[in-house]
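Everything below concerns the one structure shown next.
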Amino acid sequence: MNNIMIRLLIGIPTRGNDISSGLFNFIINTISAKNNLATKVMIGQSSVAAAFAVDKLWEMLAAQIDSFDYYIQIDSDVVPPDGAIESMIAKDKDIIVAPIWHYDMVSKDIHLNIHPKHLRERQYKIRLSGCERIYSSSLGLIAMKHRVVEEFIKTKESPIHWTPMLGDYTGTDIHNDNVFFAKAAKLGFETWVDWDVINVVHQRGIDLST
């Protein structure tokens, strides 16, 4: 990264009582680090659903659209390793995500939040390094340039809710996170994954039995 100061806005969607202490430690370390990031944090809270918390974050983004260069969104149960944001910004992509392990409680499947070419395809292996263009991901840890946020707001498109921009909703089963990447592609933005960000912790509950 060069020596130019980058204005960073971090958004955390939460239900109110689920923010990991590890995430707070990460944010404190990021703010305290000797880097060229001018970091501000905002929290979107909704006890109803995480999607409504994201909606609130985007309302706050629209109200301060000229105050940041990059928007970083981090789920409240995700703990990035130190240096994750610096790595993602250094890739200089419009949209870039970090690989995060997920657990599908229905299929009992452990997988990464990466869809390489289509939503039916799951990623099960970490790449060695570098970044790679992908089809879709989750919003667990994502960095996007100001112009991505600005384009969504200018077109008055909800970033995570289905609208006619994506066609007829009938018979369509797509997660809110995937809606974002589908709309971003429609707006002309590519999505990349930063394989140099390793050991992101996804703090999820597990079922215990004999």
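The way I read the labels, and the way they are meant: chains A, B, ... in the order of the structure tokens, residue 1 as the first residue of every chain, and ligand 1 as the first ligand shown, with later ones counted on from there.
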Check which residues of segment 148-204 of chain A sit at most 12 Å from segment 110-130 of chain A using only C-alpha atoms, and return one row each with the closest pair of atoms and their distance in Å to one decimal, ordered by chain and rising number, as CSV.
```
residue,atom,partner,partner_atom,distance
A:Asp173,CA,A:Leu119,CA,10.5
A:Ile174,CA,A:Leu119,CA,8.7
A:His175,CA,A:Leu119,CA,10.0
A:Asp177,CA,A:Asn113,CA,10.4
A:Asn178,CA,A:Leu119,CA,8.2
A:Val179,CA,A:Leu119,CA,11.0
A:Phe181,CA,A:His115,CA,10.7
A:Ala182,CA,A:Leu119,CA,10.4
A:Thr191,CA,A:Pro116,CA,10.1
A:Trp192,CA,A:Pro116,CA,9.6
A:Val193,CA,A:Ile114,CA,7.9
A:Asp194,CA,A:Gly130,CA,6.2
A:Trp195,CA,A:Ser129,CA,4.9
A:Asp196,CA,A:Ser129,CA,5.0
A:Val197,CA,A:Ser129,CA,8.5
A:Ile198,CA,A:Ile126,CA,8.5
A:Asn199,CA,A:Ile126,CA,10.1
A:Val200,CA,A:Leu112,CA,10.9
A:Val201,CA,A:Leu112,CA,11.8
A:His202,CA,A:Leu112,CA,10.7
A:Arg204,CA,A:Ile110,CA,11.9
```
Contacts of Phe26 of chain A within 7 Å, only C-alpha atoms, excl. fewer than 4 positions in-chain, as a PyMOL selection string: chain A and resi 22+30+79-80+82
What are the closest atom pairs, with distances in Å to one decimal, for all residues of segment 4-45 of chain A lying within 12 Å of segment 142-157 of chain A? Consider only C-alpha atoms, order rows by chain and residue number, and present the result as a tab-separated table.
```
residue	atom	partner	partner_atom	distance
A:Ile6	CA	A:Lys145	CA	10.8
A:Arg7	CA	A:His146	CA	9.9
A:Leu8	CA	A:Ala143	CA	9.6
A:Leu9	CA	A:Ala143	CA	9.7
A:Ile10	CA	A:Ala143	CA	9.1
A:Gly11	CA	A:Ile142	CA	10.0
A:Ile12	CA	A:Ile142	CA	11.1
```
Just write the chosen residues, all heavy atoms, as a tab-separated table (two decimals), in the first residue's frame.
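part10.tsv, written as the output of this step:
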```tsv
chain	number	residue	atom	x	y	z
A	6	ILE	N	-6.15	6.45	3.25
A	6	ILE	CA	-7.39	5.87	2.73
A	6	ILE	C	-8.46	5.96	3.80
A	6	ILE	O	-8.25	5.51	4.94
A	6	ILE	CB	-7.18	4.41	2.30
A	6	ILE	CG1	-6.17	4.32	1.16
A	6	ILE	CG2	-8.51	3.78	1.89
A	6	ILE	CD1	-5.80	2.91	0.77
A	7	ARG	N	-9.59	6.56	3.46
A	7	ARG	CA	-10.70	6.68	4.40
A	7	ARG	C	-11.52	5.40	4.36
A	7	ARG	O	-12.08	5.04	3.33
A	7	ARG	CB	-11.56	7.89	4.06
A	7	ARG	CG	-10.82	9.22	4.11
A	7	ARG	CD	-11.69	10.34	3.57
A	7	ARG	NE	-12.11	10.06	2.20
A	7	ARG	CZ	-13.11	10.68	1.56
A	7	ARG	NH1	-13.80	11.62	2.20
A	7	ARG	NH2	-13.42	10.37	0.33
A	8	LEU	N	-11.55	4.74	5.51
A	8	LEU	CA	-12.18	3.43	5.61
A	8	LEU	C	-13.42	3.52	6.48
A	8	LEU	O	-13.38	4.10	7.57
A	8	LEU	CB	-11.17	2.46	6.24
A	8	LEU	CG	-11.41	0.97	6.07
A	8	LEU	CD1	-11.18	0.57	4.62
A	8	LEU	CD2	-10.45	0.21	6.98
A	9	LEU	N	-14.52	2.95	6.02
A	9	LEU	CA	-15.74	2.89	6.82
A	9	LEU	C	-16.10	1.42	7.01
A	9	LEU	O	-16.32	0.69	6.04
A	9	LEU	CB	-16.87	3.63	6.12
A	9	LEU	CG	-18.16	3.85	6.91
A	9	LEU	CD1	-17.89	4.58	8.21
A	9	LEU	CD2	-19.17	4.64	6.08
A	10	ILE	N	-16.10	0.97	8.25
A	10	ILE	CA	-16.43	-0.42	8.57
A	10	ILE	C	-17.86	-0.49	9.08
A	10	ILE	O	-18.25	0.25	9.99
A	10	ILE	CB	-15.48	-0.99	9.64
A	10	ILE	CG1	-14.04	-1.02	9.12
A	10	ILE	CG2	-15.92	-2.39	10.06
A	10	ILE	CD1	-13.03	-1.52	10.14
A	11	GLY	N	-18.66	-1.37	8.50
A	11	GLY	CA	-20.04	-1.57	8.93
A	11	GLY	C	-20.22	-2.97	9.50
A	11	GLY	O	-19.76	-3.95	8.91
A	12	ILE	N	-20.89	-3.05	10.65
A	12	ILE	CA	-21.15	-4.33	11.29
A	12	ILE	C	-22.65	-4.51	11.46
A	12	ILE	O	-23.28	-3.77	12.23
A	12	ILE	CB	-20.48	-4.42	12.67
A	12	ILE	CG1	-18.97	-4.18	12.55
A	12	ILE	CG2	-20.75	-5.77	13.33
A	12	ILE	CD1	-18.27	-4.07	13.89
```
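Proximity of A:Ile74, A:Ala50, A:Met42, A:Ile85 to Asn29 of chain A, computed with only C-alpha atoms, is greatest for A:Ile85.
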Residues of segment 41-115 of chain A in helix (DSSP H, G or I), written as a VMD selection string: chain A and resid 50 to 63 84 to 90
Shortest interatomic distance to Glu132 of chain A - which of A:Met60, A:Val54, A:Ile160, A:Ala98, counting only C-alpha atoms: A:Ala98
